[in-house]
$ cat model-v2.cif   # mmCIF, C-alpha atoms
data_target
#
loop_
_atom_site.label_atom_id
_atom_site.label_comp_id
_atom_site.auth_asym_id
_atom_site.auth_seq_id
_atom_site.Cartn_x
_atom_site.Cartn_y
_atom_site.Cartn_z
CA MET I 12 117.18 97.11 76.20
CA LYS I 13 116.31 100.69 77.06
CA VAL I 14 113.19 100.96 79.21
CA LEU I 15 111.16 104.13 78.75
CA SER I 16 109.22 106.05 81.36
CA GLU I 17 105.47 106.44 81.03
CA LYS I 18 106.01 110.05 79.97
CA GLU I 19 108.43 108.98 77.22
CA ILE I 20 106.01 106.28 76.06
CA SER I 21 103.18 108.83 75.87
CA ASN I 22 105.24 110.84 73.39
CA LEU I 23 105.56 107.90 70.98
CA SER I 24 103.31 107.60 67.96
CA LEU I 25 100.87 104.69 67.92
CA SER I 26 103.10 102.69 65.57
CA GLU I 27 106.21 103.46 67.66
CA ARG I 28 104.39 102.46 70.84
CA LYS I 29 103.22 99.18 69.32
CA LYS I 30 106.78 98.38 68.22
CA TYR I 31 108.16 99.32 71.65
CA TYR I 32 105.79 96.93 73.41
CA GLN I 33 106.61 94.19 70.92
CA ASP I 34 110.31 94.74 71.63
CA LEU I 35 109.57 94.46 75.35
CA LYS I 36 107.66 91.25 74.77
CA ASP I 37 110.55 89.81 72.75
CA TYR I 38 112.92 90.78 75.56
CA CYS I 39 110.69 89.11 78.16
CA LEU I 40 110.78 85.92 76.12
CA SER I 41 114.54 85.76 76.68
CA PHE I 42 113.83 84.72 80.28
CA LYS I 43 113.15 81.08 81.10
CA ALA I 44 109.71 79.99 82.31
CA ASN I 45 108.01 76.74 83.26
CA PRO I 46 104.49 76.67 81.76
CA ASN I 47 103.40 73.92 84.15
CA ILE I 48 102.53 73.81 87.84
CA SER I 49 105.87 73.72 89.64
CA ILE I 50 106.84 70.96 92.04
CA GLY I 51 107.19 73.63 94.72
CA GLN I 52 103.65 74.89 94.16
CA LYS I 53 102.30 71.35 94.47
CA LEU I 54 104.30 70.48 97.57
CA ILE I 55 103.66 73.71 99.47
CA SER I 56 99.97 73.47 98.60
CA LYS I 57 99.93 70.07 100.29
CA ILE I 58 101.72 71.38 103.39
CA SER I 59 99.90 74.74 103.62
CA PRO I 60 96.62 73.39 105.07
CA ILE I 61 98.56 72.04 108.05
CA GLN I 62 99.86 75.46 109.15
CA ARG I 63 96.65 77.44 108.65
CA ASN I 64 93.62 77.28 110.90
CA PHE I 65 90.90 78.45 108.51
CA ASP I 66 89.10 77.36 105.35
CA TYR I 67 88.96 78.90 101.88
CA GLU I 68 85.89 80.01 99.96
CA VAL I 69 86.46 80.72 96.25
CA ILE I 70 84.09 82.99 94.33
CA GLY I 71 84.29 83.81 90.61
CA ALA I 72 86.80 81.17 89.45
CA GLU I 73 84.90 81.16 86.15
CA ASN I 74 86.24 84.69 85.57
CA LEU I 75 89.82 83.46 85.20
CA PRO I 76 90.87 83.59 81.53
CA LYS I 77 92.40 80.50 80.01
CA ASN I 78 96.15 80.41 79.38
CA GLY I 79 97.35 82.91 81.95
CA ALA I 80 96.53 86.35 83.35
CA VAL I 81 97.81 89.11 85.61
CA ILE I 82 96.19 88.61 89.01
CA VAL I 83 96.11 91.90 90.94
CA SER I 84 95.33 91.23 94.59
CA ASN I 85 95.12 93.20 97.80
CA HIS I 86 97.76 92.39 100.43
CA SER I 87 97.09 92.20 104.16
CA ASN I 88 99.11 89.50 105.93
CA SER I 89 101.74 86.76 105.71
CA HIS I 90 99.24 84.14 104.46
CA ASP I 91 98.76 85.80 101.06
CA PHE I 92 101.65 84.00 99.34
CA PHE I 93 100.39 80.60 100.48
CA THR I 94 96.77 81.51 99.72
CA ALA I 95 97.77 82.25 96.11
CA LEU I 96 99.72 79.01 95.76
CA GLU I 97 97.08 76.78 97.28
CA SER I 98 94.04 78.34 95.61
CA PHE I 99 95.56 78.17 92.12
CA ASN I 100 96.91 74.69 92.71
CA ASN I 101 93.40 73.54 93.67
CA LEU I 102 92.14 75.07 90.41
CA GLY I 103 94.84 73.17 88.50
CA LEU I 104 96.58 76.36 87.34
CA PRO I 105 100.30 77.31 87.42
CA VAL I 106 101.04 80.44 89.45
CA SER I 107 103.98 82.72 90.14
CA VAL I 108 103.78 85.27 92.94
CA PHE I 109 105.63 88.56 92.45
CA ALA I 110 107.26 89.03 95.84
CA ALA I 111 109.91 91.10 97.58
CA ASN I 112 112.91 89.27 98.96
CA ASP I 113 114.36 92.31 100.77
CA ASP I 114 112.23 91.45 103.82
CA LEU I 115 112.63 87.64 103.73
CA ASN I 116 114.91 85.56 105.89
CA PHE I 117 117.08 82.80 104.40
CA LEU I 118 114.47 80.06 104.92
CA SER I 119 111.57 82.09 103.50
CA ASN I 120 113.63 83.17 100.51
CA ASN I 121 114.35 79.54 99.63
CA VAL I 122 110.73 78.47 100.15
CA PHE I 123 109.50 81.25 97.85
CA THR I 124 112.09 80.38 95.19
CA PHE I 125 111.15 76.70 95.37
CA ALA I 126 107.52 77.65 94.75
CA ASN I 127 108.28 79.52 91.49
CA ALA I 128 107.92 82.99 93.04
CA THR I 129 109.39 85.89 91.09
CA LEU I 130 111.56 87.66 93.64
CA VAL I 131 112.78 91.26 93.54
CA ASN I 132 114.66 93.64 95.79
CA ARG I 133 112.47 96.72 96.15
CA GLU I 134 115.56 98.83 96.93
CA ASP I 135 117.00 98.08 93.48
CA LYS I 136 115.24 99.55 90.42
CA ASP I 137 116.99 97.14 88.06
CA SER I 138 115.86 94.18 90.17
CA CYS I 139 112.26 95.43 90.13
CA ARG I 140 112.33 96.04 86.37
CA ASN I 141 113.91 92.69 85.49
CA GLY I 142 111.65 90.90 87.96
CA LEU I 143 108.61 92.32 86.23
CA PHE I 144 109.98 91.17 82.87
CA GLU I 145 110.62 87.69 84.30
CA LEU I 146 107.07 87.51 85.68
CA THR I 147 105.69 88.75 82.35
CA ASN I 148 107.55 85.92 80.60
CA LYS I 149 105.80 83.44 82.87
CA ILE I 150 102.43 85.06 82.13
CA ILE I 151 103.11 84.87 78.38
CA ASN I 152 103.83 81.18 78.98
CA ASN I 153 100.35 80.70 80.50
CA ASN I 154 101.18 81.21 84.18
CA TYR I 155 98.94 83.30 86.41
CA GLY I 156 101.15 86.05 87.79
CA VAL I 157 100.01 87.35 91.18
CA ILE I 158 100.94 90.96 91.87
CA PHE I 159 100.16 92.59 95.21
CA GLY I 160 99.75 96.03 93.69
CA GLU I 161 99.85 97.92 96.99
CA SER I 162 103.50 96.78 97.41
CA THR I 163 103.08 96.07 101.12
CA TRP I 164 100.39 95.13 103.61
CA ASN I 165 97.31 97.26 104.08
CA LEU I 166 97.00 97.48 107.88
CA HIS I 167 94.60 100.42 107.89
CA PRO I 168 91.68 99.87 110.28
CA TYR I 169 88.97 100.77 107.76
CA LYS I 170 90.43 101.71 104.33
CA GLU I 171 89.75 99.01 101.71
CA MET I 172 92.89 99.53 99.62
CA ASN I 173 96.14 101.39 99.41
CA VAL I 174 97.02 102.92 96.03
CA LEU I 175 97.87 100.38 93.33
CA LYS I 176 101.13 100.89 91.46
CA VAL I 177 101.33 100.68 87.69
CA GLY I 178 103.51 97.57 87.22
CA ALA I 179 100.59 95.19 86.72
CA ALA I 180 99.28 97.28 83.81
CA ARG I 181 102.74 97.26 82.21
CA SER I 182 102.91 93.48 82.51
CA ALA I 183 99.43 93.09 81.02
CA GLY I 184 100.28 95.45 78.16
CA ILE I 185 103.49 93.58 77.30
CA SER I 186 102.05 90.07 77.66
CA GLU I 187 98.72 90.96 75.99
CA LYS I 188 96.97 89.14 78.82
CA GLN I 189 94.11 90.46 80.95
CA ILE I 190 94.13 91.71 84.53
CA VAL I 191 91.88 89.91 87.00
CA PRO I 192 91.08 92.09 90.05
CA THR I 193 91.18 89.79 93.09
CA ILE I 194 90.37 90.10 96.78
CA PHE I 195 91.77 87.91 99.54
CA GLU I 196 89.42 88.64 102.46
CA TYR I 197 90.46 87.04 105.76
CA VAL I 198 87.38 87.03 107.97
CA GLU I 199 88.60 87.87 111.46
CA VAL I 200 87.08 86.69 114.73
CA PRO I 201 85.23 89.45 116.63
CA ASN I 202 87.35 89.17 119.77
CA GLN I 203 90.90 89.50 121.06
CA CYS I 204 93.28 86.56 120.70
CA ASN I 205 96.69 85.46 121.94
CA LYS I 206 97.86 83.58 118.83
CA GLU I 207 97.95 84.56 115.16
CA LYS I 208 96.49 81.17 114.21
CA GLU I 209 93.30 82.09 116.14
CA LEU I 210 92.57 85.23 114.09
CA TYR I 211 90.60 83.97 111.09
CA THR I 212 87.47 81.93 110.51
CA LYS I 213 87.96 81.69 106.72
CA CYS I 214 89.48 83.39 103.70
CA ILE I 215 87.18 84.49 100.88
CA ILE I 216 88.99 84.54 97.52
CA LYS I 217 87.01 86.54 94.98
CA PHE I 218 88.02 86.84 91.33
CA GLY I 219 86.46 89.75 89.45
CA LYS I 220 85.76 90.14 85.76
CA PRO I 221 88.92 90.29 83.62
CA ILE I 222 90.03 93.70 82.36
CA SER I 223 91.94 94.34 79.15
CA ILE I 224 94.71 96.94 79.17
CA ASP I 225 95.05 99.32 76.22
CA ILE I 226 98.69 100.31 75.67
CA ASN I 227 97.54 103.38 73.78
CA LYS I 228 95.87 104.83 76.86
CA ASP I 229 97.15 106.11 80.21
CA LEU I 230 98.24 103.11 82.32
CA PHE I 231 97.89 105.04 85.58
CA LEU I 232 94.24 105.81 84.86
CA GLN I 233 93.63 102.18 83.91
CA MET I 234 95.15 101.02 87.22
CA LEU I 235 92.96 103.54 89.04
CA ASN I 236 89.99 101.82 87.40
CA VAL I 237 91.26 98.43 88.63
CA GLU I 238 91.70 99.90 92.12
CA ASN I 239 88.15 101.28 92.19
CA ILE I 240 86.78 97.92 91.06
CA MET I 241 88.69 96.18 93.85
CA ILE I 242 87.40 98.67 96.44
CA LYS I 243 83.85 97.91 95.28
CA MET I 244 84.51 94.17 95.40
CA ARG I 245 85.80 94.39 98.96
CA ASP I 246 82.87 96.59 100.05
CA GLU I 247 80.51 93.96 98.63
CA ILE I 248 82.25 91.20 100.58
CA TRP I 249 82.12 93.25 103.78
CA GLU I 250 78.40 93.89 103.29
CA ASP I 251 77.73 90.20 102.60
CA ILE I 252 79.46 89.05 105.80
CA GLY I 253 78.17 91.89 107.98
CA ILE I 254 81.33 93.98 108.35
CA PHE I 255 80.86 97.74 108.48
CA LYS I 256 83.96 99.95 108.24
CA ASN I 257 82.84 103.39 107.18
CA GLY I 258 85.24 105.12 109.54
CA LYS I 259 87.24 104.99 112.75
CA LYS I 260 84.14 105.06 114.96
CA GLN I 261 83.12 101.60 113.69
CA VAL I 262 86.46 100.04 114.67
CA ASP I 263 87.04 98.49 118.09
CA PRO I 264 90.52 99.82 118.98
CA LEU I 265 91.37 97.01 121.39
CA ILE I 266 90.52 94.28 118.90
CA TYR I 267 92.28 96.13 116.07
CA VAL I 268 95.61 96.60 117.90
CA ASN I 269 95.44 93.04 119.24
CA HIS I 270 94.89 91.52 115.80
CA THR I 271 97.42 93.79 114.10
CA TRP I 272 100.16 92.97 116.64
CA LEU I 273 99.58 89.25 116.02
CA LYS I 274 99.69 89.68 112.23
CA LYS I 275 102.97 91.57 112.49
CA PHE I 276 104.81 89.61 115.17
CA ASP I 277 103.24 86.17 115.66
CA ALA I 278 103.10 84.86 112.08
CA LEU I 279 105.18 81.82 111.17
CA ALA I 280 108.75 82.70 110.08
CA PHE I 281 107.98 86.37 109.38
CA MET I 282 107.84 89.72 111.17
CA TYR I 283 106.50 92.92 109.63
CA ASP I 284 108.57 96.10 110.00
CA SER I 285 106.10 98.96 109.67
CA GLU I 286 108.73 101.67 109.47
CA SER I 287 110.70 100.12 106.61
CA GLU I 288 107.57 98.99 104.76
CA PHE I 289 105.89 102.39 104.88
CA LYS I 290 108.26 103.83 102.28
CA TYR I 291 106.93 101.40 99.66
CA LEU I 292 103.42 102.84 99.87
CA TYR I 293 102.28 105.36 97.27
CA PHE I 294 99.98 108.22 98.22
CA ARG I 295 98.14 110.50 95.85
CA GLU I 296 97.97 114.22 96.41
CA ASN I 297 95.78 115.11 99.42
CA ASP I 298 95.79 111.48 100.69
CA LEU I 299 96.24 111.01 104.42
CA LYS I 300 99.66 109.36 104.78
CA GLU I 301 98.68 106.58 107.16
CA ASN I 302 98.54 102.79 107.08
CA GLU I 303 98.28 101.76 110.72
CA TYR I 304 96.75 102.98 114.00
CA HIS I 305 97.75 102.50 117.61
CA ILE I 306 96.52 103.56 121.04
CA ASP I 307 98.74 106.40 122.24
CA GLU I 308 99.86 107.25 125.78
CA ASN I 309 96.65 109.25 126.29
CA GLY I 310 94.43 106.34 125.26
CA ARG I 311 93.54 107.84 121.87
CA PHE I 312 93.14 105.64 118.78
CA VAL I 313 95.27 107.51 116.25
CA PRO I 314 97.62 106.86 113.32
CA GLY I 315 100.85 105.30 114.56
CA ILE I 316 102.92 102.13 114.70
CA ILE I 317 102.11 99.16 116.91
CA LYS I 318 105.46 98.02 118.27
CA LYS I 319 106.70 94.59 119.25
CA GLU I 320 107.32 95.77 122.81
CA ASP I 321 103.59 96.59 123.10
CA LYS I 322 102.90 92.87 123.57
CA ALA I 323 101.91 93.09 127.22
CA LYS I 324 99.49 95.93 126.48
CA VAL I 325 97.74 94.45 123.45
CA LEU I 326 97.45 90.73 124.25
CA LEU I 327 95.09 89.19 126.73
CA PRO I 328 96.58 88.41 130.14
CA ILE I 329 97.37 84.72 130.55
CA LYS I 330 95.28 83.27 133.36
CA ASN I 331 96.99 81.05 135.87
CA LYS I 332 95.48 77.60 136.10
#
$ encode --input "model-v2.cif" --output "structure tokens"
Amino acid sequence: MKVLSEKEISNLSLSERKKYYQDLKDYCLSFKANPNISIGQKLISKISPIQRNFDYEVIGAENLPKNGAVIVSNHSNSHDFFTALESFNNLGLPVSVFAANDDLNFLSNNVFTFANATLVNREDKDSCRNGLFELTNKIINNNYGVIFGESTWNLHPYKEMNVLKVGAARSAGISEKQIVPTIFEYVEVPNQCNKEKELYTKCIIKFGKPISIDINKDLFLQMLNVENIMIKMRDEIWEDIGIFKNGKKQVDPLIYVNHTWLKKFDALAFMYDSESEFKYLYFRENDLKENEYHIDENGRFVPGIIKKEDKAKVLLPIKNK
């Protein structure tokens, strides 16, 4: 079916818009969906605790609507997919993670597929569109669809969120399910490390109050509201655990580059390519176009990419026994 832009939708009358969204919903129902917890979700949730070295703390599970929802979460490292699977499995709820396969290797692609992920190629508009329809089908069928609305990791040293894209609001409008703003906060150790598995003491999973999307109103403004709520939620978590990130001066550059290098290059079966991922970020007018800092050749902590070959500079020297 023909998919309209937000501008074209805004020109529809209320009755035309209602019919258009119903047509989209009918189209989504043409996809197949398993309304139950998948075998992959169960199995990976059993294996996941073995490969992580931190505990989970869940806050606000009572905010999750019954019979499915659009879960909009922040995105900061390679654990997020497994965090979503395990946390929802422990709550007894079926989940599908909306994920990109353009940055996955063969093994990871198969693992994600086995776990009922909804995979898309971000380079292909048709893939992204049809993937969103497939995920929406699952949500209609009482799955909890996890969307990392920033589209890639937020590696900024002190900014709570990157800009959320509008896809989650479209899915909520079509499925007539609510959005649940969600924060995955990985509490990092206050020192440098030599292994990615040493980085975190726990992950706080916080579910906010569900938000209904009105298809008769601007979806971009409604996603901005979701974004602001998530920023507030993350600020509250930081305050509760004693983290203060009001600017660059409150960031320890050595710890930041050490931790960020490990997230990017020492995670299991995944490496993060900052240059290719940067193009998936969305910036509003007057936003600073930055997502990562490094220490330059003059020792200044400035926006820039931490490279794999920086290993010797950012990791602790190994002491001889």
$ atom_distance --input "model-v2.cif" --atom1 "CA of Asp66 (chain I)" --atom2 "CA of Leu146 (chain I)"
28.5 Å
$ atom_distance --input "model-v2.cif" --atom1 "CA of Lys170 (chain I)" --atom2 "CA of Lys290 (chain I)"
18.1 Å
$ axis_aligned_box --input "model-v2.cif" --around "region 224-241 of chain I" --padding-each-side "8 Å" --output "JSON"
{"center_x": 92.7, "center_y": 101.1, "center_z": 83.8, "size_x": 27.9, "size_y": 25.9, "size_z": 36.1}
$ atom_distance --input "model-v2.cif" --atom1 "CA of Asn47 (chain I)" --atom2 "CA of Pro192 (chain I)"
22.7 Å
$ residues_around --input "model-v2.cif" --residues "region 54-64 of chain I" --least-positions-apart "3" --cutoff "7 Å" --atoms "all atoms listed in the file" --output "JSON, numbers by chain"
{"I": [50, 51, 93, 96, 97, 100, 208]}
$ residues_around --input "model-v2.cif" --residues "region 221-229 of chain I" --least-positions-apart "2" --cutoff "6 Å" --atoms "all atoms listed in the file" --output "JSON, numbers by chain"
{"I": [184, 189, 190, 191, 231, 232]}
$ closest_residue --input "model-v2.cif" --among "I:Ser16, I:Tyr169, I:Asn85, I:Lys29" --to "Leu230 (chain I)" --atoms "only C-alpha atoms"
I:Ser16
$ resolve_selection --input "model-v2.cif" --expression "the PyMOL selection byres ((chain I and resi 215) around 9)" --output "PDB file with C-alpha atoms, keeping the file's coordinate frame"
ATOM      1  CA  ASP I  66      89.100  77.360 105.350  1.00  0.00           C
ATOM      2  CA  TYR I  67      88.960  78.900 101.880  1.00  0.00           C
ATOM      3  CA  GLU I  68      85.890  80.010  99.960  1.00  0.00           C
ATOM      4  CA  VAL I  69      86.460  80.720  96.250  1.00  0.00           C
ATOM      5  CA  ILE I  70      84.090  82.990  94.330  1.00  0.00           C
ATOM      6  CA  ILE I 194      90.370  90.100  96.780  1.00  0.00           C
ATOM      7  CA  PHE I 195      91.770  87.910  99.540  1.00  0.00           C
ATOM      8  CA  GLU I 196      89.420  88.640 102.460  1.00  0.00           C
ATOM      9  CA  TYR I 197      90.460  87.040 105.760  1.00  0.00           C
ATOM     10  CA  VAL I 198      87.380  87.030 107.970  1.00  0.00           C
ATOM     11  CA  LYS I 213      87.960  81.690 106.720  1.00  0.00           C
ATOM     12  CA  CYS I 214      89.480  83.390 103.700  1.00  0.00           C
ATOM     13  CA  ILE I 216      88.990  84.540  97.520  1.00  0.00           C
ATOM     14  CA  LYS I 217      87.010  86.540  94.980  1.00  0.00           C
ATOM     15  CA  ILE I 248      82.250  91.200 100.580  1.00  0.00           C
TER      16      ILE I 248
END
$ decode --input "model-v2.cif" --residues "region 245-257 of chain I" --atoms "all heavy atoms" --output "compact mmCIF listing (two decimals), in the first residue's frame"
# COMPACT_ATOMS: atom_id res chain seq x y z
N ARG I 245 16.02 9.91 33.23
CA ARG I 245 17.45 9.59 33.37
C ARG I 245 18.12 10.53 34.38
O ARG I 245 18.96 10.11 35.17
CB ARG I 245 18.15 9.67 32.01
CG ARG I 245 19.48 8.93 32.03
CD ARG I 245 20.04 8.63 30.69
NE ARG I 245 21.16 7.71 30.85
CZ ARG I 245 22.18 7.61 30.02
NH1 ARG I 245 22.22 8.38 28.96
NH2 ARG I 245 23.16 6.76 30.26
N ASP I 246 17.74 11.79 34.35
CA ASP I 246 18.27 12.75 35.35
C ASP I 246 17.93 12.29 36.77
O ASP I 246 18.75 12.40 37.68
CB ASP I 246 17.72 14.14 35.10
CG ASP I 246 18.41 14.86 33.96
OD1 ASP I 246 19.55 14.50 33.62
OD2 ASP I 246 17.80 15.80 33.40
N GLU I 247 16.71 11.79 36.95
CA GLU I 247 16.29 11.32 38.27
C GLU I 247 17.11 10.11 38.71
O GLU I 247 17.50 10.00 39.88
CB GLU I 247 14.80 10.98 38.25
CG GLU I 247 13.90 12.21 38.15
CD GLU I 247 12.45 11.85 37.91
OE1 GLU I 247 12.16 10.65 37.61
OE2 GLU I 247 11.59 12.74 38.00
N ILE I 248 17.39 9.21 37.78
CA ILE I 248 18.22 8.05 38.11
C ILE I 248 19.62 8.51 38.49
O ILE I 248 20.20 8.05 39.49
CB ILE I 248 18.28 7.06 36.93
CG1 ILE I 248 16.91 6.43 36.70
CG2 ILE I 248 19.32 5.97 37.19
CD1 ILE I 248 16.83 5.58 35.43
N TRP I 249 20.19 9.42 37.69
CA TRP I 249 21.54 9.91 37.98
C TRP I 249 21.59 10.56 39.37
O TRP I 249 22.53 10.34 40.13
CB TRP I 249 21.95 10.94 36.92
CG TRP I 249 22.33 10.32 35.60
CD1 TRP I 249 22.42 8.99 35.31
CD2 TRP I 249 22.67 11.01 34.40
NE1 TRP I 249 22.79 8.80 34.00
CE2 TRP I 249 22.94 10.03 33.42
CE3 TRP I 249 22.76 12.35 34.05
CZ2 TRP I 249 23.33 10.36 32.11
CZ3 TRP I 249 23.13 12.69 32.75
CH2 TRP I 249 23.41 11.71 31.80
N GLU I 250 20.58 11.34 39.69
CA GLU I 250 20.56 11.99 41.01
C GLU I 250 20.46 10.95 42.12
O GLU I 250 21.15 11.05 43.14
CB GLU I 250 19.38 12.96 41.08
CG GLU I 250 19.32 13.74 42.40
CD GLU I 250 18.19 14.76 42.43
OE1 GLU I 250 17.47 14.91 41.41
OE2 GLU I 250 18.03 15.41 43.48
N ASP I 251 19.63 9.94 41.92
CA ASP I 251 19.45 8.90 42.94
C ASP I 251 20.73 8.12 43.22
O ASP I 251 20.97 7.71 44.36
CB ASP I 251 18.34 7.92 42.52
CG ASP I 251 16.95 8.54 42.61
OD1 ASP I 251 16.80 9.58 43.26
OD2 ASP I 251 16.02 7.96 42.00
N ILE I 252 21.55 7.90 42.18
CA ILE I 252 22.76 7.09 42.38
C ILE I 252 24.02 7.95 42.50
O ILE I 252 25.14 7.43 42.54
CB ILE I 252 22.93 6.05 41.25
CG1 ILE I 252 23.07 6.73 39.88
CG2 ILE I 252 21.77 5.07 41.25
CD1 ILE I 252 23.24 5.75 38.73
N GLY I 253 23.83 9.27 42.56
CA GLY I 253 24.96 10.16 42.81
C GLY I 253 25.84 10.43 41.62
O GLY I 253 27.05 10.64 41.76
N ILE I 254 25.24 10.45 40.41
CA ILE I 254 25.99 10.79 39.21
C ILE I 254 25.61 12.21 38.80
O ILE I 254 24.44 12.56 38.72
CB ILE I 254 25.66 9.82 38.05
CG1 ILE I 254 26.19 8.42 38.37
CG2 ILE I 254 26.23 10.32 36.74
CD1 ILE I 254 25.84 7.39 37.33
N PHE I 255 26.63 13.03 38.55
CA PHE I 255 26.38 14.42 38.18
C PHE I 255 27.08 14.71 36.85
O PHE I 255 28.31 14.65 36.76
CB PHE I 255 26.87 15.37 39.28
CG PHE I 255 26.24 15.07 40.62
CD1 PHE I 255 26.92 14.33 41.57
CD2 PHE I 255 24.95 15.49 40.90
CE1 PHE I 255 26.33 14.03 42.80
CE2 PHE I 255 24.35 15.20 42.12
CZ PHE I 255 25.04 14.47 43.07
N LYS I 256 26.28 14.99 35.82
CA LYS I 256 26.81 15.21 34.48
C LYS I 256 26.17 16.46 33.88
O LYS I 256 25.44 16.39 32.91
CB LYS I 256 26.52 14.01 33.58
CG LYS I 256 27.25 12.73 33.95
CD LYS I 256 26.94 11.65 32.92
CE LYS I 256 27.64 10.36 33.23
NZ LYS I 256 27.35 9.30 32.19
N ASN I 257 26.47 17.60 34.47
CA ASN I 257 25.90 18.84 33.96
C ASN I 257 26.74 19.46 32.85
O ASN I 257 26.36 20.48 32.28
CB ASN I 257 25.71 19.84 35.09
CG ASN I 257 24.68 19.37 36.11
OD1 ASN I 257 23.70 18.73 35.72
ND2 ASN I 257 24.90 19.64 37.38
